[in-house]
Amino acid sequence: MNQTFEIMHPPEKLADGFLEFAKSIHQKTIDRGAKFTEEEMSEIFNNSFPGISRANILFWVADVNKFIKTVNLILSDLEDIKNDKNTLKGEPVIRSEFLFQSFFGEFFKMREIAKLYLKFFKNLKLLNNVNKEEFYNFYPLAFDWVYKIRNQFIHLGMEMKNFDVDFDIEILNEFPEEDRIKFIKAFNESNTRENTVEFQCAIYIKIIKHIMKNYIDLQILINETLADLILSFEKYNLEITITENK
């Protein structure tokens, strides 16, 4: 089964701004009769709200896409173990634990990366301190339940044994028949961590996919909202100008 998440694209509504910025640069080059140096271009771009604000969105999306690609690798390895616990080298239990923990490490890193980009938007005056905190708080508010899952599976050291784990047997109905037969057989033979690692990986995959779907939906919403703010700010507060270095 393909577990891949598609990479994210920047808001299309910001594309025209890049084009207008490029046209302004081109016209200024014609007016002055000479091309800007690399240093001049860098200064013009860094002092341009339309340029730097859009670039900030692009860089943020690039970081998110790196995260998505990492998660796709994690899901691919978990899927391999789910299908056959002996398919990869090393101990499957240790590997599955490492993969699951790695996902949470990457996931919570993205929240901190968001804080850096929101601070940058605050420095551009697109957001004030209150707005910045409101945007940042979307992440802990939306994903409080993720902390609980992480703590339950990692910090409490849950194991796949009858006396340690209380899971609803009906969850098996959510898997294809072939997987259900294999998982039930494993539990009947020996309900230990080592013997049921394939079922455990199936659970990990379901959890990660659910978290990722919610995360991507939220990130797209934030991107689109910030794009609307950028366009609104430009329309009512800015005149796009390019000044020549003296």
# chains A, B, ... in the order shown; residues from 1 in each chain; ligands from 1
>>> residues_around(residues="A:Asn223", least_positions_apart="5", cutoff="12 Å", atoms="only C-alpha atoms", output="NGL selection string")
:A and (8-14 or 53-54 or 56-61 or 64 or 114 or 117-118 or 135 or 216-218 or 228-230)
>>> residues_around(residues="A:Thr4", least_positions_apart="2", cutoff="12 Å", atoms="only C-alpha atoms", output="number ranges by chain")
A: 1-2, 6-7, 68-77, 79, 205, 208-209, 212-213
>>> write_last_selection(atoms="C-alpha atoms", output="PDB file, in the first residue's frame")
ATOM      1  CA  MET A   1       0.000   0.000   0.000  1.00  0.00           C
ATOM      2  CA  ASN A   2       1.353   3.439  -0.960  1.00  0.00           C
ATOM      3  CA  GLU A   6       2.322  14.672  -1.606  1.00  0.00           C
ATOM      4  CA  ILE A   7       4.550  17.679  -1.123  1.00  0.00           C
ATOM      5  CA  ILE A  68       6.931  15.406   4.485  1.00  0.00           C
ATOM      6  CA  LYS A  69       9.654  13.564   2.572  1.00  0.00           C
ATOM      7  CA  THR A  70      11.200  12.403   5.850  1.00  0.00           C
ATOM      8  CA  VAL A  71       7.831  11.115   7.051  1.00  0.00           C
ATOM      9  CA  ASN A  72       7.368   9.278   3.756  1.00  0.00           C
ATOM     10  CA  LEU A  73      10.655   7.460   4.392  1.00  0.00           C
ATOM     11  CA  ILE A  74       9.550   6.557   7.924  1.00  0.00           C
ATOM     12  CA  LEU A  75       6.222   5.242   6.643  1.00  0.00           C
ATOM     13  CA  SER A  76       7.957   3.249   3.917  1.00  0.00           C
ATOM     14  CA  ASP A  77      10.180   1.461   6.448  1.00  0.00           C
ATOM     15  CA  GLU A  79       5.243  -0.554   5.903  1.00  0.00           C
ATOM     16  CA  ILE A 205       1.275   3.839  10.413  1.00  0.00           C
ATOM     17  CA  ILE A 208       1.232   8.874  11.740  1.00  0.00           C
ATOM     18  CA  LYS A 209      -1.106   9.113   8.757  1.00  0.00           C
ATOM     19  CA  MET A 212      -0.038  14.088   9.083  1.00  0.00           C
ATOM     20  CA  LYS A 213      -3.405  14.627   7.436  1.00  0.00           C
TER      21      LYS A 213
END
>>> residues_around(residues="A:Glu134", least_positions_apart="3", cutoff="12 Å", atoms="only C-alpha atoms", output="PyMOL selection string")
chain A and resi 115+118-119+122+127-131+137-141+222
>>> write_last_selection(atoms="N, CA, C and O atoms", output="CSV table (one decimal), in the first residue's frame")
chain,number,residue,atom,x,y,z
A,115,LYS,N,7.6,28.8,14.6
A,115,LYS,CA,7.8,29.9,15.5
A,115,LYS,C,8.8,30.9,14.8
A,115,LYS,O,8.6,32.1,14.9
A,118,LEU,N,7.1,32.8,11.9
A,118,LEU,CA,6.1,33.7,12.4
A,118,LEU,C,6.8,34.9,13.0
A,118,LEU,O,6.3,36.1,12.9
A,119,LYS,N,7.9,34.7,13.6
A,119,LYS,CA,8.7,35.8,14.2
A,119,LYS,C,9.2,36.7,13.0
A,119,LYS,O,9.2,38.0,13.1
A,122,LYS,N,6.5,38.8,11.9
A,122,LYS,CA,6.2,39.9,12.9
A,122,LYS,C,7.2,41.0,12.7
A,122,LYS,O,6.9,42.2,12.7
A,127,LEU,N,2.5,40.8,11.1
A,127,LEU,CA,1.8,40.4,12.4
A,127,LEU,C,2.3,41.2,13.5
A,127,LEU,O,3.5,41.7,13.5
A,128,ASN,N,1.5,41.4,14.5
A,128,ASN,CA,2.0,42.0,15.8
A,128,ASN,C,2.2,40.9,16.8
A,128,ASN,O,2.1,39.7,16.4
A,129,ASN,N,2.6,41.2,18.0
A,129,ASN,CA,3.0,40.1,18.9
A,129,ASN,C,1.8,39.2,19.2
A,129,ASN,O,1.9,38.0,19.4
A,130,VAL,N,0.6,39.8,19.3
A,130,VAL,CA,-0.6,39.1,19.7
A,130,VAL,C,-0.9,38.1,18.5
A,130,VAL,O,-1.2,36.9,18.7
A,131,ASN,N,-0.9,38.6,17.3
A,131,ASN,CA,-1.2,37.8,16.1
A,131,ASN,C,-0.2,36.7,16.0
A,131,ASN,O,-0.5,35.5,15.7
A,137,ASN,N,0.0,29.4,18.5
A,137,ASN,CA,-0.8,28.6,19.4
A,137,ASN,C,-1.7,27.6,18.7
A,137,ASN,O,-2.3,26.7,19.3
A,138,PHE,N,-1.9,27.8,17.4
A,138,PHE,CA,-2.7,26.9,16.6
A,138,PHE,C,-2.1,25.5,16.7
A,138,PHE,O,-2.8,24.5,16.8
A,139,TYR,N,-0.8,25.4,16.8
A,139,TYR,CA,-0.1,24.1,16.8
A,139,TYR,C,-0.3,23.3,18.1
A,139,TYR,O,-0.8,22.2,18.0
A,140,PRO,N,0.0,23.9,19.2
A,140,PRO,CA,-0.3,23.1,20.5
A,140,PRO,C,-1.8,22.9,20.7
A,140,PRO,O,-2.2,21.9,21.3
A,141,LEU,N,-2.6,23.9,20.3
A,141,LEU,CA,-4.1,23.7,20.5
A,141,LEU,C,-4.6,22.6,19.6
A,141,LEU,O,-5.4,21.7,20.0
A,222,ILE,N,-2.9,27.9,7.3
A,222,ILE,CA,-2.0,29.0,7.8
A,222,ILE,C,-1.3,29.6,6.6
A,222,ILE,O,-1.3,30.9,6.5
>>> atom_distance(atom1="atom CA of A:Ala202", atom2="atom CA of A:Lys85")
11.4 Å
>>> select_by_dssp(residues="stretch 54-239 of chain A", states="alpha helix (DSSP H)", output="PyMOL selection string")
chain A and resi 54-83+92-123+129-142+144-150+177-189+197-237
>>> write_last_selection(atoms="C-alpha atoms", output="compact mmCIF listing (two decimals), in the first residue's frame")
# COMPACT_ATOMS: atom_id res chain seq x y z
CA ARG A 54 6.78 35.74 -0.45
CA ALA A 55 10.25 34.28 -0.09
CA ASN A 56 9.49 33.62 3.57
CA ILE A 57 6.43 31.58 2.56
CA LEU A 58 8.49 29.68 -0.03
CA PHE A 59 11.22 28.83 2.49
CA TRP A 60 8.62 27.70 5.03
CA VAL A 61 6.94 25.46 2.45
CA ALA A 62 10.36 24.05 1.53
CA ASP A 63 10.99 23.12 5.19
CA VAL A 64 7.55 21.52 5.42
CA ASN A 65 8.23 19.51 2.26
CA LYS A 66 11.52 18.27 3.69
CA PHE A 67 9.54 17.09 6.71
CA ILE A 68 6.93 15.41 4.49
CA LYS A 69 9.65 13.56 2.57
CA THR A 70 11.20 12.40 5.85
CA VAL A 71 7.83 11.12 7.05
CA ASN A 72 7.37 9.28 3.76
CA LEU A 73 10.65 7.46 4.39
CA ILE A 74 9.55 6.56 7.92
CA LEU A 75 6.22 5.24 6.64
CA SER A 76 7.96 3.25 3.92
CA ASP A 77 10.18 1.46 6.45
CA LEU A 78 7.26 0.82 8.81
CA GLU A 79 5.24 -0.55 5.90
CA ASP A 80 8.11 -2.93 5.05
CA ILE A 81 8.22 -4.23 8.62
CA LYS A 82 4.43 -4.51 8.74
CA ASN A 83 4.48 -6.68 5.63
CA PRO A 92 12.44 -5.12 13.96
CA VAL A 93 11.20 -4.04 17.40
CA ILE A 94 14.14 -1.67 17.92
CA ARG A 95 13.80 -0.34 14.39
CA SER A 96 10.06 0.25 14.66
CA GLU A 97 10.48 2.07 17.99
CA PHE A 98 13.20 4.23 16.50
CA LEU A 99 11.10 5.08 13.45
CA PHE A 100 8.06 5.99 15.55
CA GLN A 101 10.13 8.15 17.92
CA SER A 102 11.84 9.80 14.95
CA PHE A 103 8.48 10.85 13.58
CA PHE A 104 7.59 12.69 16.77
CA GLY A 105 11.03 14.32 16.88
CA GLU A 106 10.53 15.67 13.37
CA PHE A 107 6.91 16.62 14.01
CA PHE A 108 7.63 18.77 17.06
CA LYS A 109 10.65 20.30 15.31
CA MET A 110 8.23 21.68 12.70
CA ARG A 111 6.36 23.54 15.42
CA GLU A 112 9.56 25.30 16.46
CA ILE A 113 10.38 26.09 12.82
CA ALA A 114 6.94 27.69 12.53
CA LYS A 115 7.82 29.94 15.47
CA LEU A 116 10.89 31.26 13.58
CA TYR A 117 8.91 32.06 10.44
CA LEU A 118 6.11 33.72 12.40
CA LYS A 119 8.71 35.85 14.18
CA PHE A 120 10.03 36.89 10.77
CA PHE A 121 6.54 37.93 9.67
CA LYS A 122 6.24 39.89 12.88
CA ASN A 123 9.48 41.71 12.05
CA ASN A 129 2.99 40.13 18.93
CA VAL A 130 -0.57 39.06 19.65
CA ASN A 131 -1.16 37.80 16.10
CA LYS A 132 2.15 35.96 16.13
CA GLU A 133 1.26 34.11 19.33
CA GLU A 134 -2.23 33.33 18.04
CA PHE A 135 -0.81 31.71 14.90
CA TYR A 136 1.81 29.81 16.90
CA ASN A 137 -0.78 28.57 19.40
CA PHE A 138 -2.67 26.88 16.58
CA TYR A 139 -0.09 24.08 16.77
CA PRO A 140 -0.30 23.15 20.49
CA LEU A 141 -4.08 23.68 20.48
CA ALA A 142 -4.65 21.56 17.39
CA ASP A 144 -2.53 18.49 22.16
CA TRP A 145 -3.68 14.91 21.56
CA VAL A 146 -0.40 14.20 19.74
CA TYR A 147 1.53 14.92 22.93
CA LYS A 148 -0.62 12.40 24.75
CA ILE A 149 0.02 9.72 22.12
CA ARG A 150 3.75 10.41 22.16
CA GLU A 177 -8.46 -9.21 5.56
CA GLU A 178 -4.98 -10.49 4.78
CA ASP A 179 -3.50 -8.31 7.54
CA ARG A 180 -6.25 -9.27 10.01
CA ILE A 181 -5.54 -12.97 9.54
CA LYS A 182 -1.81 -12.45 10.00
CA PHE A 183 -2.21 -10.26 13.11
CA ILE A 184 -4.72 -12.60 14.79
CA LYS A 185 -2.43 -15.54 14.14
CA ALA A 186 0.48 -13.66 15.74
CA PHE A 187 -1.54 -12.78 18.84
CA ASN A 188 -2.77 -16.36 19.21
CA GLU A 189 0.74 -17.75 18.92
CA VAL A 197 5.72 -6.15 15.84
CA GLU A 198 3.96 -6.25 12.46
CA PHE A 199 0.67 -5.31 14.11
CA GLN A 200 2.43 -2.62 16.10
CA CYS A 201 3.83 -1.11 12.89
CA ALA A 202 0.33 -1.12 11.40
CA ILE A 203 -0.85 0.92 14.40
CA TYR A 204 2.11 3.29 14.08
CA ILE A 205 1.27 3.84 10.41
CA LYS A 206 -2.37 4.64 11.18
CA ILE A 207 -1.36 7.12 13.90
CA ILE A 208 1.23 8.87 11.74
CA LYS A 209 -1.11 9.11 8.76
CA HIS A 210 -3.86 10.60 10.92
CA ILE A 211 -1.51 13.17 12.46
CA MET A 212 -0.04 14.09 9.08
CA LYS A 213 -3.40 14.63 7.44
CA ASN A 214 -4.41 17.03 10.20
CA TYR A 215 -1.02 18.76 10.17
CA ILE A 216 -1.00 19.31 6.39
CA ASP A 217 -4.57 20.63 6.45
CA LEU A 218 -3.62 23.10 9.20
CA GLN A 219 -0.41 24.18 7.49
CA ILE A 220 -2.22 24.84 4.21
CA LEU A 221 -4.79 26.93 6.10
CA ILE A 222 -2.02 28.96 7.76
CA ASN A 223 -0.20 29.45 4.44
CA GLU A 224 -3.35 30.65 2.72
CA THR A 225 -4.24 32.98 5.61
CA LEU A 226 -0.76 34.53 5.60
CA ALA A 227 -0.96 34.90 1.81
CA ASP A 228 -4.24 36.81 2.19
CA LEU A 229 -2.62 39.04 4.83
CA ILE A 230 0.34 39.73 2.53
CA LEU A 231 -1.93 40.73 -0.33
CA SER A 232 -4.10 42.85 1.94
CA PHE A 233 -1.06 44.57 3.43
CA GLU A 234 0.27 45.38 -0.04
CA LYS A 235 -3.06 46.69 -1.25
CA TYR A 236 -3.79 49.05 1.61
CA ASN A 237 -0.41 49.92 3.09
>>> atom_distance(atom1="atom CA of A:Ile171", atom2="atom CA of A:Gly90")
28.3 Å
>>> atom_distance(atom1="atom CA of A:Phe175", atom2="atom CA of A:Glu91")
24.3 Å
